[in-house]
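K.L.:
If it helps, the file is called my_file.csv and holds CSV, C-alpha atoms:
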chain,number,residue,atom,x,y,z
W,4,MET,CA,25.2,17.7,-17.3
W,5,ALA,CA,21.7,16.9,-18.4
W,6,THR,CA,21.4,14.4,-21.3
W,7,THR,CA,18.9,14.6,-24.1
W,8,ARG,CA,19.2,11.1,-25.6
W,9,ILE,CA,15.5,10.4,-25.5
W,10,LYS,CA,14.6,13.5,-27.4
W,11,GLU,CA,17.4,13.1,-29.9
W,12,GLU,CA,16.3,9.5,-30.8
W,13,LEU,CA,12.7,10.7,-31.1
W,14,LEU,CA,13.6,13.6,-33.4
W,15,ALA,CA,15.8,11.4,-35.5
W,16,SER,CA,13.3,8.5,-36.1
W,17,GLY,CA,10.0,9.9,-35.0
W,18,GLN,CA,9.7,7.1,-32.5
W,19,LEU,CA,10.8,6.4,-29.0
W,20,GLY,CA,14.1,4.7,-29.0
W,21,GLN,CA,16.2,2.5,-26.7
W,22,ALA,CA,17.0,5.3,-24.3
W,23,ALA,CA,13.3,6.0,-23.8
W,24,PHE,CA,12.4,2.3,-23.1
W,25,GLU,CA,15.3,1.9,-20.7
W,26,MET,CA,14.0,5.0,-18.8
W,27,MET,CA,10.5,3.6,-18.9
W,28,THR,CA,11.6,0.3,-17.6
W,29,ALA,CA,13.6,1.9,-14.7
W,30,VAL,CA,10.6,4.1,-13.8
W,31,PHE,CA,8.2,1.2,-13.8
W,32,LYS,CA,10.6,-1.0,-11.7
W,33,SER,CA,10.5,1.8,-9.1
W,34,LEU,CA,6.7,2.3,-9.3
W,35,VAL,CA,5.6,-1.3,-9.3
W,36,MET,CA,7.2,-1.8,-5.9
W,37,LYS,CA,4.3,0.3,-4.5
W,38,PHE,CA,1.6,-1.8,-6.2
W,39,SER,CA,1.9,-5.3,-4.7
W,40,ALA,CA,-1.3,-6.7,-6.1
W,41,LEU,CA,-0.2,-5.7,-9.6
W,42,ARG,CA,3.3,-6.9,-9.1
W,43,GLU,CA,2.1,-10.4,-8.2
W,44,ARG,CA,0.1,-10.6,-11.4
W,45,GLU,CA,2.2,-8.9,-14.1
W,46,THR,CA,5.8,-8.4,-14.9
W,47,VAL,CA,7.4,-4.9,-15.0
W,48,GLU,CA,7.8,-5.3,-18.8
W,49,ASP,CA,4.1,-6.2,-19.3
W,50,LEU,CA,2.9,-3.3,-17.2
W,51,ARG,CA,5.3,-0.9,-19.1
W,52,ASN,CA,4.1,-2.2,-22.4
W,53,GLY,CA,0.4,-1.9,-21.4
W,54,PHE,CA,1.0,1.6,-20.3
W,55,PHE,CA,2.7,2.6,-23.6
W,56,LEU,CA,0.0,0.9,-25.7
W,57,GLU,CA,-2.8,2.7,-23.9
W,58,LYS,CA,-1.2,6.2,-23.6
W,59,GLY,CA,0.4,6.1,-27.1
W,60,THR,CA,0.6,9.4,-29.0
W,61,GLY,CA,-0.3,11.6,-26.0
W,62,TYR,CA,2.6,10.2,-24.0
W,63,VAL,CA,5.1,10.4,-26.9
W,64,LEU,CA,4.2,14.1,-27.4
W,65,ALA,CA,4.7,14.8,-23.7
W,66,ILE,CA,8.1,13.1,-23.8
W,67,ARG,CA,9.0,15.1,-26.9
W,68,ALA,CA,8.3,18.3,-25.1
W,69,ALA,CA,10.5,17.4,-22.2
W,70,GLU,CA,13.7,19.5,-21.8
W,71,ASP,CA,16.0,16.6,-21.0
W,72,ASP,CA,16.0,12.9,-20.0
W,73,ASP,CA,15.4,13.7,-16.3
W,74,ALA,CA,12.3,15.7,-17.2
W,75,ALA,CA,11.1,12.8,-19.4
W,76,ALA,CA,11.5,10.4,-16.5
W,77,ARG,CA,9.5,12.8,-14.2
W,78,ILE,CA,6.7,12.9,-16.8
W,79,THR,CA,6.8,9.1,-17.0
W,80,TYR,CA,6.7,8.8,-13.2
W,81,ALA,CA,3.6,11.0,-13.0
W,82,TRP,CA,1.8,9.4,-15.9
W,83,GLY,CA,2.8,5.9,-14.8
W,84,THR,CA,1.6,6.5,-11.3
W,85,ARG,CA,-1.9,7.5,-12.4
W,86,TRP,CA,-2.1,4.6,-14.8
W,87,LEU,CA,-1.1,2.1,-12.2
W,88,VAL,CA,-3.6,3.5,-9.8
W,89,ASP,CA,-6.3,3.1,-12.4
W,90,GLU,CA,-5.1,-0.5,-13.1
W,91,SER,CA,-5.2,-1.3,-9.4
W,92,ARG,CA,-8.8,-0.1,-9.2
W,93,LYS,CA,-9.8,-2.8,-11.7
W,94,LEU,CA,-8.6,-5.6,-9.5
W,95,PRO,CA,-11.2,-7.8,-7.7
W,96,PHE,CA,-10.2,-6.4,-4.3
W,97,GLY,CA,-11.8,-3.1,-5.4
W,98,ALA,CA,-15.1,-4.7,-6.1
W,99,LEU,CA,-15.0,-6.7,-3.0
W,100,ARG,CA,-14.3,-3.6,-0.9
W,101,ASN,CA,-17.3,-1.9,-2.3
W,102,ARG,CA,-19.6,-4.8,-1.3
W,103,LEU,CA,-18.1,-5.2,2.1
W,104,GLU,CA,-18.6,-1.5,2.8
W,105,LYS,CA,-22.2,-1.8,1.8
W,106,ARG,CA,-22.5,-4.7,4.3
W,107,LEU,CA,-20.9,-2.6,7.0
W,108,GLU,CA,-23.3,0.3,6.3
W,109,ARG,CA,-26.4,-1.9,6.4
W,110,CYS,CA,-25.5,-3.8,9.6
W,111,ASP,CA,-26.4,-2.3,13.0
W,112,LEU,CA,-23.3,-4.0,14.5
W,113,PHE,CA,-20.9,-1.5,13.0
W,114,ASP,CA,-20.4,2.2,13.0
W,115,PRO,CA,-18.1,4.4,10.8
W,116,SER,CA,-15.1,5.8,12.7
W,117,ARG,CA,-14.2,9.4,13.0
W,118,VAL,CA,-11.1,8.3,11.1
W,119,ALA,CA,-12.0,8.1,7.4
W,120,HIS,CA,-12.6,4.7,5.9
W,121,HIS,CA,-12.4,3.0,9.3
W,122,TRP,CA,-15.1,1.0,11.1
W,123,PHE,CA,-15.6,-0.1,14.7
W,124,LEU,CA,-18.2,-2.1,16.7
W,125,ALA,CA,-21.3,-0.1,17.5
W,126,ASP,CA,-21.1,-1.1,21.1
W,127,GLY,CA,-17.3,-0.7,21.3
W,128,ASP,CA,-14.8,2.2,21.3
W,129,ASP,CA,-13.6,4.1,18.3
W,130,GLU,CA,-10.0,3.4,18.9
W,131,SER,CA,-7.3,1.0,17.8
W,132,TYR,CA,-6.1,-1.8,20.0
W,133,PRO,CA,-2.6,-3.4,19.8
W,134,PHE,CA,-2.8,-6.3,17.3
W,135,THR,CA,-0.9,-7.9,14.4
W,136,THR,CA,-2.0,-8.8,10.9
W,137,SER,CA,-1.2,-12.4,11.8
W,138,GLN,CA,-3.8,-12.3,14.6
W,139,LEU,CA,-6.4,-11.1,12.1
W,140,GLU,CA,-5.5,-13.8,9.6
W,141,ALA,CA,-5.7,-16.5,12.3
W,142,ILE,CA,-9.2,-15.2,13.3
W,143,ALA,CA,-10.3,-15.4,9.6
W,144,ALA,CA,-8.7,-18.8,9.2
W,145,ALA,CA,-10.6,-20.2,12.2
W,146,ALA,CA,-14.0,-18.9,11.1
W,147,ASP,CA,-16.3,-21.8,10.1
W,148,ILE,CA,-17.6,-20.2,7.0
W,149,GLU,CA,-18.2,-21.8,3.6
W,150,MET,CA,-18.9,-20.4,0.1
W,151,HIS,CA,-22.5,-20.9,-1.0
W,152,PRO,CA,-23.9,-20.8,-4.6
W,153,TRP,CA,-25.9,-17.7,-5.3
W,154,GLY,CA,-27.8,-16.9,-8.5
W,155,GLU,CA,-26.4,-18.1,-11.8
W,156,GLY,CA,-22.8,-19.3,-11.3
W,157,ASN,CA,-22.0,-16.8,-8.5
W,158,LEU,CA,-20.9,-17.4,-4.9
W,159,ARG,CA,-21.4,-15.6,-1.7
W,160,ILE,CA,-19.4,-15.7,1.6
W,161,GLY,CA,-21.3,-17.7,4.2
W,162,LYS,CA,-24.9,-17.9,5.2
W,163,THR,CA,-26.8,-14.9,6.4
W,164,GLY,CA,-24.9,-13.2,9.2
W,165,GLU,CA,-21.8,-15.3,9.1
W,166,LEU,CA,-19.6,-12.7,7.3
W,167,GLU,CA,-20.8,-10.1,9.8
W,168,HIS,CA,-19.8,-12.3,12.6
W,169,LEU,CA,-16.3,-12.7,11.1
W,170,ILE,CA,-16.0,-8.9,10.8
W,171,GLN,CA,-17.2,-8.5,14.4
W,172,SER,CA,-14.5,-10.9,15.6
W,173,LEU,CA,-11.8,-8.9,13.6
W,174,LEU,CA,-13.0,-5.7,15.2
W,175,GLU,CA,-13.1,-7.2,18.7
W,176,CYS,CA,-9.4,-7.9,18.2
W,177,ALA,CA,-8.4,-4.7,16.4
W,178,GLY,CA,-10.8,-2.1,17.8
W,179,ARG,CA,-11.2,-0.3,14.5
W,180,LEU,CA,-10.0,-1.2,11.0
W,181,HIS,CA,-9.6,0.4,7.7
W,182,VAL,CA,-12.1,-1.2,5.2
W,183,ALA,CA,-9.1,-2.0,3.0
W,184,GLU,CA,-7.6,-4.2,5.7
W,185,ILE,CA,-11.0,-6.0,6.2
W,186,THR,CA,-11.2,-6.5,2.5
W,187,VAL,CA,-7.7,-8.0,2.1
W,188,ILE,CA,-8.2,-10.3,5.1
W,189,CYS,CA,-11.5,-11.6,3.7
W,190,GLY,CA,-10.1,-11.8,0.1
W,191,ASN,CA,-7.2,-13.9,1.3
W,192,ARG,CA,-9.5,-16.1,3.4
W,193,PHE,CA,-11.8,-16.7,0.4
W,194,PRO,CA,-9.5,-16.5,-2.6
W,195,LEU,CA,-12.1,-18.1,-4.9
W,196,ILE,CA,-14.1,-14.9,-4.7
W,197,LEU,CA,-11.2,-13.0,-6.3
W,198,GLN,CA,-10.4,-15.8,-8.8
W,199,LEU,CA,-13.9,-15.6,-10.2
W,200,GLY,CA,-13.2,-12.1,-11.4
W,201,ASP,CA,-16.6,-10.9,-10.3
W,202,ALA,CA,-16.3,-10.2,-6.6
W,203,SER,CA,-19.3,-7.7,-6.9
W,204,GLU,CA,-21.6,-10.7,-6.3
W,205,SER,CA,-19.6,-12.2,-3.6
W,206,THR,CA,-21.1,-10.3,-0.6
W,207,VAL,CA,-24.7,-9.9,-1.6
W,208,GLU,CA,-27.0,-10.9,1.3
W,209,SER,CA,-29.1,-13.9,0.7
W,210,ASN,CA,-32.3,-12.1,1.6
W,211,SER,CA,-31.5,-8.7,0.0
W,212,GLY,CA,-31.7,-9.4,-3.7
W,213,MET,CA,-29.3,-7.9,-6.2
W,214,LEU,CA,-27.5,-4.8,-5.1
W,215,GLU,CA,-26.9,-2.1,-7.6
W,216,ASN,CA,-23.5,-2.1,-9.4
W,217,SER,CA,-21.0,0.5,-8.3
W,218,ALA,CA,-17.7,1.6,-9.6
W,219,PRO,CA,-14.5,0.7,-7.7
W,220,ASP,CA,-13.6,3.0,-4.9
W,221,SER,CA,-11.0,5.7,-5.4
W,222,ASP,CA,-8.1,3.9,-3.7
W,223,SER,CA,-6.1,0.8,-4.4
W,224,VAL,CA,-7.3,-1.6,-1.7
W,225,PHE,CA,-4.4,-3.9,-1.6
W,226,VAL,CA,-1.8,-1.1,-1.5
W,227,THR,CA,-3.7,0.7,1.3
W,228,ALA,CA,-3.9,-2.4,3.4
W,229,GLU,CA,-0.2,-3.2,2.8
W,230,MET,CA,0.9,0.4,3.8
W,231,MET,CA,-1.1,0.2,7.0
W,232,HIS,CA,0.5,-3.2,7.8
W,233,VAL,CA,3.9,-1.7,7.2
W,234,ASP,CA,3.2,1.3,9.4
W,235,ARG,CA,2.0,-0.9,12.2
W,236,LEU,CA,5.2,-2.9,12.1
W,237,ALA,CA,7.2,0.3,12.1
W,238,SER,CA,5.3,1.5,15.1
W,239,ALA,CA,6.3,-1.6,17.0
W,240,ILE,CA,9.9,-1.3,16.0
W,241,PHE,CA,10.4,2.4,16.7
W,242,PRO,CA,10.4,2.2,20.5
W,243,GLN,CA,13.2,-0.4,20.3
W,244,LEU,CA,15.6,2.1,18.8
W,245,THR,CA,18.0,3.7,21.2
W,246,ASP,CA,18.3,7.5,21.4
W,247,GLU,CA,21.8,7.2,19.9
W,248,GLU,CA,20.4,5.2,16.9
W,249,VAL,CA,17.7,7.7,16.3
W,250,THR,CA,20.3,10.5,16.3
W,251,ILE,CA,22.4,8.5,13.9
W,252,PHE,CA,19.6,8.0,11.4
W,253,ARG,CA,18.4,11.6,11.8
W,254,PHE,CA,21.8,13.0,10.8
W,255,TRP,CA,22.8,10.1,8.6
W,256,GLY,CA,25.8,11.0,6.3
W,257,ASP,CA,26.6,14.2,8.2
W,258,VAL,CA,29.6,12.9,10.0
W,259,PRO,CA,30.8,16.2,11.5
W,260,ARG,CA,27.3,16.8,13.0
W,261,LEU,CA,27.3,13.2,14.4
W,262,VAL,CA,30.8,13.8,15.9
W,263,GLU,CA,29.3,16.7,17.7
W,264,GLU,CA,26.0,15.1,18.7
W,265,LEU,CA,27.5,11.8,19.9
W,266,ASN,CA,30.7,13.4,21.3
W,267,ARG,CA,32.7,10.7,19.5
W,268,SER,CA,35.7,10.5,17.2
W,269,ARG,CA,35.1,10.2,13.4
W,270,SER,CA,36.2,6.6,13.4
W,271,SER,CA,33.8,5.8,16.3
W,272,VAL,CA,31.0,7.5,14.5
W,273,TYR,CA,31.5,5.4,11.4
W,274,LYS,CA,31.5,2.3,13.5
W,275,ALA,CA,28.3,3.4,15.3
W,276,MET,CA,26.7,4.1,11.9
W,277,ASP,CA,27.5,0.6,10.7
W,278,ASN,CA,26.2,-1.0,13.9
W,279,ALA,CA,23.0,1.1,13.7
W,280,ARG,CA,22.4,0.1,10.1
W,281,ARG,CA,22.9,-3.6,10.9
W,282,ARG,CA,20.5,-3.4,13.8
W,283,LEU,CA,17.8,-1.7,11.7
W,284,VAL,CA,18.1,-4.4,9.1
W,285,GLU,CA,17.7,-7.0,11.9
W,286,LEU,CA,14.6,-5.3,13.3
W,287,ALA,CA,12.9,-4.5,10.0
W,288,GLY,CA,13.9,-7.7,8.1
W,289,GLY,CA,15.0,-8.1,4.5
W,290,GLY,CA,13.3,-8.0,1.2
W,291,HIS,CA,10.7,-5.5,-0.1
W,292,GLU,CA,8.7,-5.3,3.2
W,293,GLY,CA,11.9,-4.7,5.2
W,294,ARG,CA,12.8,-1.7,3.0
W,295,GLN,CA,9.3,-0.3,3.3
W,296,ILE,CA,9.4,-0.6,7.1
W,297,MET,CA,12.7,1.2,7.1
W,298,LEU,CA,11.2,4.1,5.1
W,299,ALA,CA,8.2,4.2,7.5
W,300,LEU,CA,10.6,4.4,10.4
W,301,MET,CA,12.4,7.4,8.9
W,302,ARG,CA,9.3,9.6,8.9
W,303,PRO,CA,9.2,10.1,12.7
W,304,ILE,CA,13.0,10.1,13.0
W,305,LEU,CA,13.3,12.9,10.6
W,306,ASP,CA,10.3,14.7,12.0
W,307,ARG,CA,11.0,15.6,15.6
W,308,SER,CA,7.4,16.4,16.3
W,309,ALA,CA,6.3,12.8,15.5
W,310,SER,CA,6.8,10.1,18.1
W,311,VAL,CA,5.8,7.0,16.1
W,312,PRO,CA,4.5,6.3,12.7
W,313,SER,CA,0.7,6.8,12.7
W,314,THR,CA,-1.8,4.5,11.2
W,315,GLN,CA,-4.7,6.6,12.5
W,316,ASP,CA,-4.8,9.0,9.6
W,317,GLU,CA,-7.0,9.5,6.6
W,318,ARG,CA,-4.4,8.6,4.1
W,319,GLU,CA,-5.2,6.7,1.0
W,320,ASP,CA,-2.4,4.9,-0.9
W,321,THR,CA,-2.5,7.4,-3.8
W,322,ARG,CA,-1.3,10.2,-1.5
W,323,ALA,CA,1.9,8.4,-0.6
W,324,ILE,CA,3.0,7.7,-4.2
Would you mind writing the file out in structure tokens?

P.N.:
Amino acid sequence: MATTRIKEELLASGQLGQAAFEMMTAVFKSLVMKFSALRERETVEDLRNGFFLEKGTGYVLAIRAAEDDDAAARITYAWGTRWLVDESRKLPFGALRNRLEKRLERCDLFDPSRVAHHWFLADGDDESYPFTTSQLEAIAAAADIEMHPWGEGNLRIGKTGELEHLIQSLLECAGRLHVAEITVICGNRFPLILQLGDASESTVESNSGMLENSAPDSDSVFVTAEMMHVDRLASAIFPQLTDEEVTIFRFWGDVPRLVEELNRSRSSVYKAMDNARRRLVELAGGGHEGRQIMLALMRPILDRSASVPSTQDEREDTRAI
């Protein structure tokens, strides 16, 4: 039976009560898992409080109009998602992405891919090669590039052409990359750029003068790069699953169907389910990333038309939230 504790407390006191804040905390705990960059900087409680302070009366009125507690949670999820996306856009990764994209556009070494937001070498192929994020990080770490003063208190990455050479090396390894992945690799390689809080000046060419300011792009850079990393790991794991394991995950929980599909007894099916679950955990790993990999693996398993998770789409992180 649906509960209405949130509305009852609100009508009784005119303010959101304990039930509402417990609901908000639960919703934000769920949402923040999808915003790694924010999660590393702020606690769930701080983000929840920041959301409430900013949305204020409008949010309270929306909750008051909700039919029950479940409806209030759905409203909070929708409002909270939009707010967290906006907060993500304010992070330095967004500004750095904008400047890197300008560099890509201005340099003859690179061409935009037919896949949205991806880039490849002008003299290369518009396709992805097998690679790992660790390989890209190693390439960036090995690059002999230093930060150089520019203007009044600003820094830029490398001398003229050095950043382009680094990106060229990344694309030689990967074939084509989403600009968000390039951004996060460069941001992690040069963390001082992000710590300055003004990454907009970080990638200005030494001979180009000041570039115009631009608003952050419409996606959350860190989240997009993380999702593509997870999809890539899932793509590598998927072929390692046996046909029986794929069947078990496709009909998970439907024991009668699995008895029929596997031609086994119920007790044997339960044992096979437990073994399949254990092996998936071993392949995907533990923690938050492991759970995300498992979720990515479920997409092709539940969709018979999909063979492996695809990173060659036009998805931005806000579509998957």

K.L.:
Restricting the calculation to all atoms listed in the file, which member of W:Asn101, W:Ser172, W:Gln243, W:Thr79 is positioned closest to Phe24 (chain W)?

P.N.:
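With all atoms listed in the file as the atom set, the closest residue is W:Thr79.
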
K.L.:
Rank nothing, just name the residue among W:Arg8, W:Leu99, W:Lys58, W:Gly53 nearest to Asp73 (chain W), using all atoms listed in the file.

P.N.:
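Smallest distance to Asp73 (chain W) is found for W:Arg8.
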
K.L.:
Residues within 9 Å of region 129-143 of chain W, please, as a ChimeraX atom specification. Count all atoms listed in the file; anything in the same chain fewer than 2 positions from it doesn't count.

P.N.:
/W:114-118,122-125,127,145-147,169-170,172-173,175-180,184,188-189,191-192,232,235-236,315

K.L.:
With only C-alpha atoms as the basis for distance, which of W:Leu261, W:Val224, W:Leu286, W:Leu300 is at the shortest distance from Glu90 (chain W)?

P.N.:
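Ranked by minimum distance to Glu90 (chain W), first place goes to W:Val224.
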
K.L.:
Rank nothing, just name the residue among W:Glu12, W:Leu87, W:Ala69, W:Ala22 nearest to Arg42 (chain W), using all atoms listed in the file.

P.N.:
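Of W:Glu12, W:Leu87, W:Ala69, W:Ala22, the one nearest Arg42 (chain W) is W:Leu87, counting all atoms listed in the file.
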
K.L.:
Could you work out how far CA of Trp255 (chain W) lies from CA of Ala74 (chain W), giving the answer in Å with one decimal?

P.N.:
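Pair CA of Ala74 (chain W) / CA of Trp255 (chain W) returns 28.4 Å.
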